[in-house]
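Just below is one structure, and these are the notes that go with it.
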Amino acid sequence: MSSAHHLVPGTFVVASLSYLVMLAAYFMPRRRYFHVPAMIAIMLFDLSLPFYLYLHRNWWHRLIEQQEIFSSLVWMHLGILITMYALDAFQVSTALRMVKGDQEARAAHRSQGKVLLIVRLFAILTGALLAP
Ligand code: HEM
């Protein structure tokens with residue numbers, strides 16, 4: 001148990017650092033060779049984190065035995081994550097349309113990117129509140 005507990009700050013620190021990278025990539029969209037790989041890396045990190053936490057946390061104890069499944073924070077966090085993954089998919093699809101010269105896709109990528117920046121901040125913050 002104590003070793004699992006020890007891993008919790010690590011996840012939050014790495015997530016926070018990835019948010020700083022995301023901020024930099026957000027404000028440097030024209031540096032394509034930074035913006036694109038940074039955003040792709042962050043999306044892959046976000047996709048792999050649930051698997052990592054599933055394998056390294058005692059989720060049965062937390063959710064079932066401690067009945068945290070009834071906590072509204074858990075469901076809020078889940079809802080934020082689903083929104084975030086949907087926005088990720090949207091950013092990829094608008095990026096693909098943008099490189100084909102679609103100007104409407106550029107405007108959509110820009111405005112939804114702003115939303116994603118906020119949503120991902122709340123994903124990290126609600127995740128931090130759930131970490132023991
Ligand atoms: C796989 C992920 C992504 C890819 C492949 C991608 C690709 C691109 C490309 C090719 C551009 C145009 C850069 C240029 O003008 O040369 C761009 C612009 C931009 N991207 Fe992304 N992007 C991704 C994710 C994101 C995310 C997650 C955000 C925000 C959270 C974001 C925010 C922006 C913004 C604000 C612009 C500037 C739009 C404008 O010119 O008005 N992108 N992106």
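Order determines the names: the first chain of the structure tokens is A, the second B, and so forth; residues in each chain are numbered 1 upward, and ligands are numbered 1 upward as they are shown.
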
Once you count only C-alpha atoms and all ligand atoms, what closest atom pair and distance in Å to one decimal does each residue of chain A within 10 Å of ligand 1 have, with rows by chain and rising residue number, as a Markdown table?
| residue | atom | partner | partner_atom_place_in_ligand_line | distance |
| --- | --- | --- | --- | --- |
| A:Tyr19 | CA | ligand 1 | 30 (C) | 9.9 |
| A:Met22 | CA | ligand 1 | 30 (C) | 6.9 |
| A:Leu23 | CA | ligand 1 | 30 (C) | 7.7 |
| A:Ala24 | CA | ligand 1 | 29 (C) | 10.0 |
| A:Ala25 | CA | ligand 1 | 31 (C) | 7.4 |
| A:Tyr26 | CA | ligand 1 | 32 (C) | 5.0 |
| A:Phe27 | CA | ligand 1 | 35 (C) | 6.8 |
| A:Met28 | CA | ligand 1 | 36 (C) | 7.7 |
| A:Pro29 | CA | ligand 1 | 18 (C) | 4.5 |
| A:Arg30 | CA | ligand 1 | 14 (C) | 4.1 |
| A:Arg31 | CA | ligand 1 | 16 (O) | 6.5 |
| A:Arg32 | CA | ligand 1 | 16 (O) | 5.4 |
| A:Tyr33 | CA | ligand 1 | 10 (C) | 9.0 |
| A:Phe34 | CA | ligand 1 | 7 (C) | 9.7 |
| A:His35 | CA | ligand 1 | 22 (N) | 6.4 |
| A:Val36 | CA | ligand 1 | 4 (C) | 4.5 |
| A:Pro37 | CA | ligand 1 | 1 (C) | 7.4 |
| A:Ala38 | CA | ligand 1 | 2 (C) | 8.0 |
| A:Met39 | CA | ligand 1 | 2 (C) | 4.8 |
| A:Ile40 | CA | ligand 1 | 1 (C) | 4.5 |
| A:Ala41 | CA | ligand 1 | 1 (C) | 8.2 |
| A:Ile42 | CA | ligand 1 | 27 (C) | 8.1 |
| A:Met43 | CA | ligand 1 | 1 (C) | 7.3 |
| A:Leu44 | CA | ligand 1 | 1 (C) | 9.5 |
| A:Met84 | CA | ligand 1 | 27 (C) | 9.6 |
| A:Leu87 | CA | ligand 1 | 27 (C) | 8.0 |
| A:Asp88 | CA | ligand 1 | 27 (C) | 6.2 |
| A:Ala89 | CA | ligand 1 | 1 (C) | 8.2 |
| A:Phe90 | CA | ligand 1 | 24 (C) | 9.0 |
| A:Gln91 | CA | ligand 1 | 24 (C) | 5.2 |
| A:Val92 | CA | ligand 1 | 1 (C) | 4.6 |
| A:Ser93 | CA | ligand 1 | 1 (C) | 8.3 |
| A:Thr94 | CA | ligand 1 | 6 (C) | 8.0 |
| A:Ala95 | CA | ligand 1 | 7 (C) | 4.6 |
| A:Leu96 | CA | ligand 1 | 5 (C) | 6.8 |
| A:Arg97 | CA | ligand 1 | 10 (C) | 9.1 |
| A:Met98 | CA | ligand 1 | 10 (C) | 6.5 |
| A:Val99 | CA | ligand 1 | 10 (C) | 5.8 |
| A:Lys100 | CA | ligand 1 | 10 (C) | 9.6 |
| A:Gly101 | CA | ligand 1 | 12 (C) | 9.9 |
| A:Gln103 | CA | ligand 1 | 41 (O) | 9.1 |
| A:Glu104 | CA | ligand 1 | 41 (O) | 10.0 |
| A:Ala105 | CA | ligand 1 | 38 (C) | 9.1 |
| A:Arg106 | CA | ligand 1 | 38 (C) | 5.5 |
| A:Ala107 | CA | ligand 1 | 41 (O) | 5.9 |
| A:Ala108 | CA | ligand 1 | 38 (C) | 8.4 |
| A:His109 | CA | ligand 1 | 33 (C) | 6.0 |
| A:Arg110 | CA | ligand 1 | 35 (C) | 4.2 |
| A:Ser111 | CA | ligand 1 | 35 (C) | 7.1 |
| A:Gln112 | CA | ligand 1 | 29 (C) | 7.2 |
| A:Gly113 | CA | ligand 1 | 29 (C) | 3.5 |
| A:Lys114 | CA | ligand 1 | 30 (C) | 5.7 |
| A:Val115 | CA | ligand 1 | 30 (C) | 7.3 |
| A:Leu116 | CA | ligand 1 | 30 (C) | 5.0 |
| A:Leu117 | CA | ligand 1 | 30 (C) | 4.6 |
| A:Ile118 | CA | ligand 1 | 30 (C) | 8.3 |
| A:Val119 | CA | ligand 1 | 30 (C) | 9.2 |
| A:Arg120 | CA | ligand 1 | 30 (C) | 8.4 |

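Residues within 8 Å of segment 60-76 of chain A, counting only C-alpha atoms and excluding same-chain residues fewer than 3 positions away, are Gly79, Ile80, Thr126 and Leu130 of chain A.
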
Interatomic distance (Å, one decimal) between atom CA of Leu20 of chain A and atom CA of Leu78 of chain A: 22.3 Å
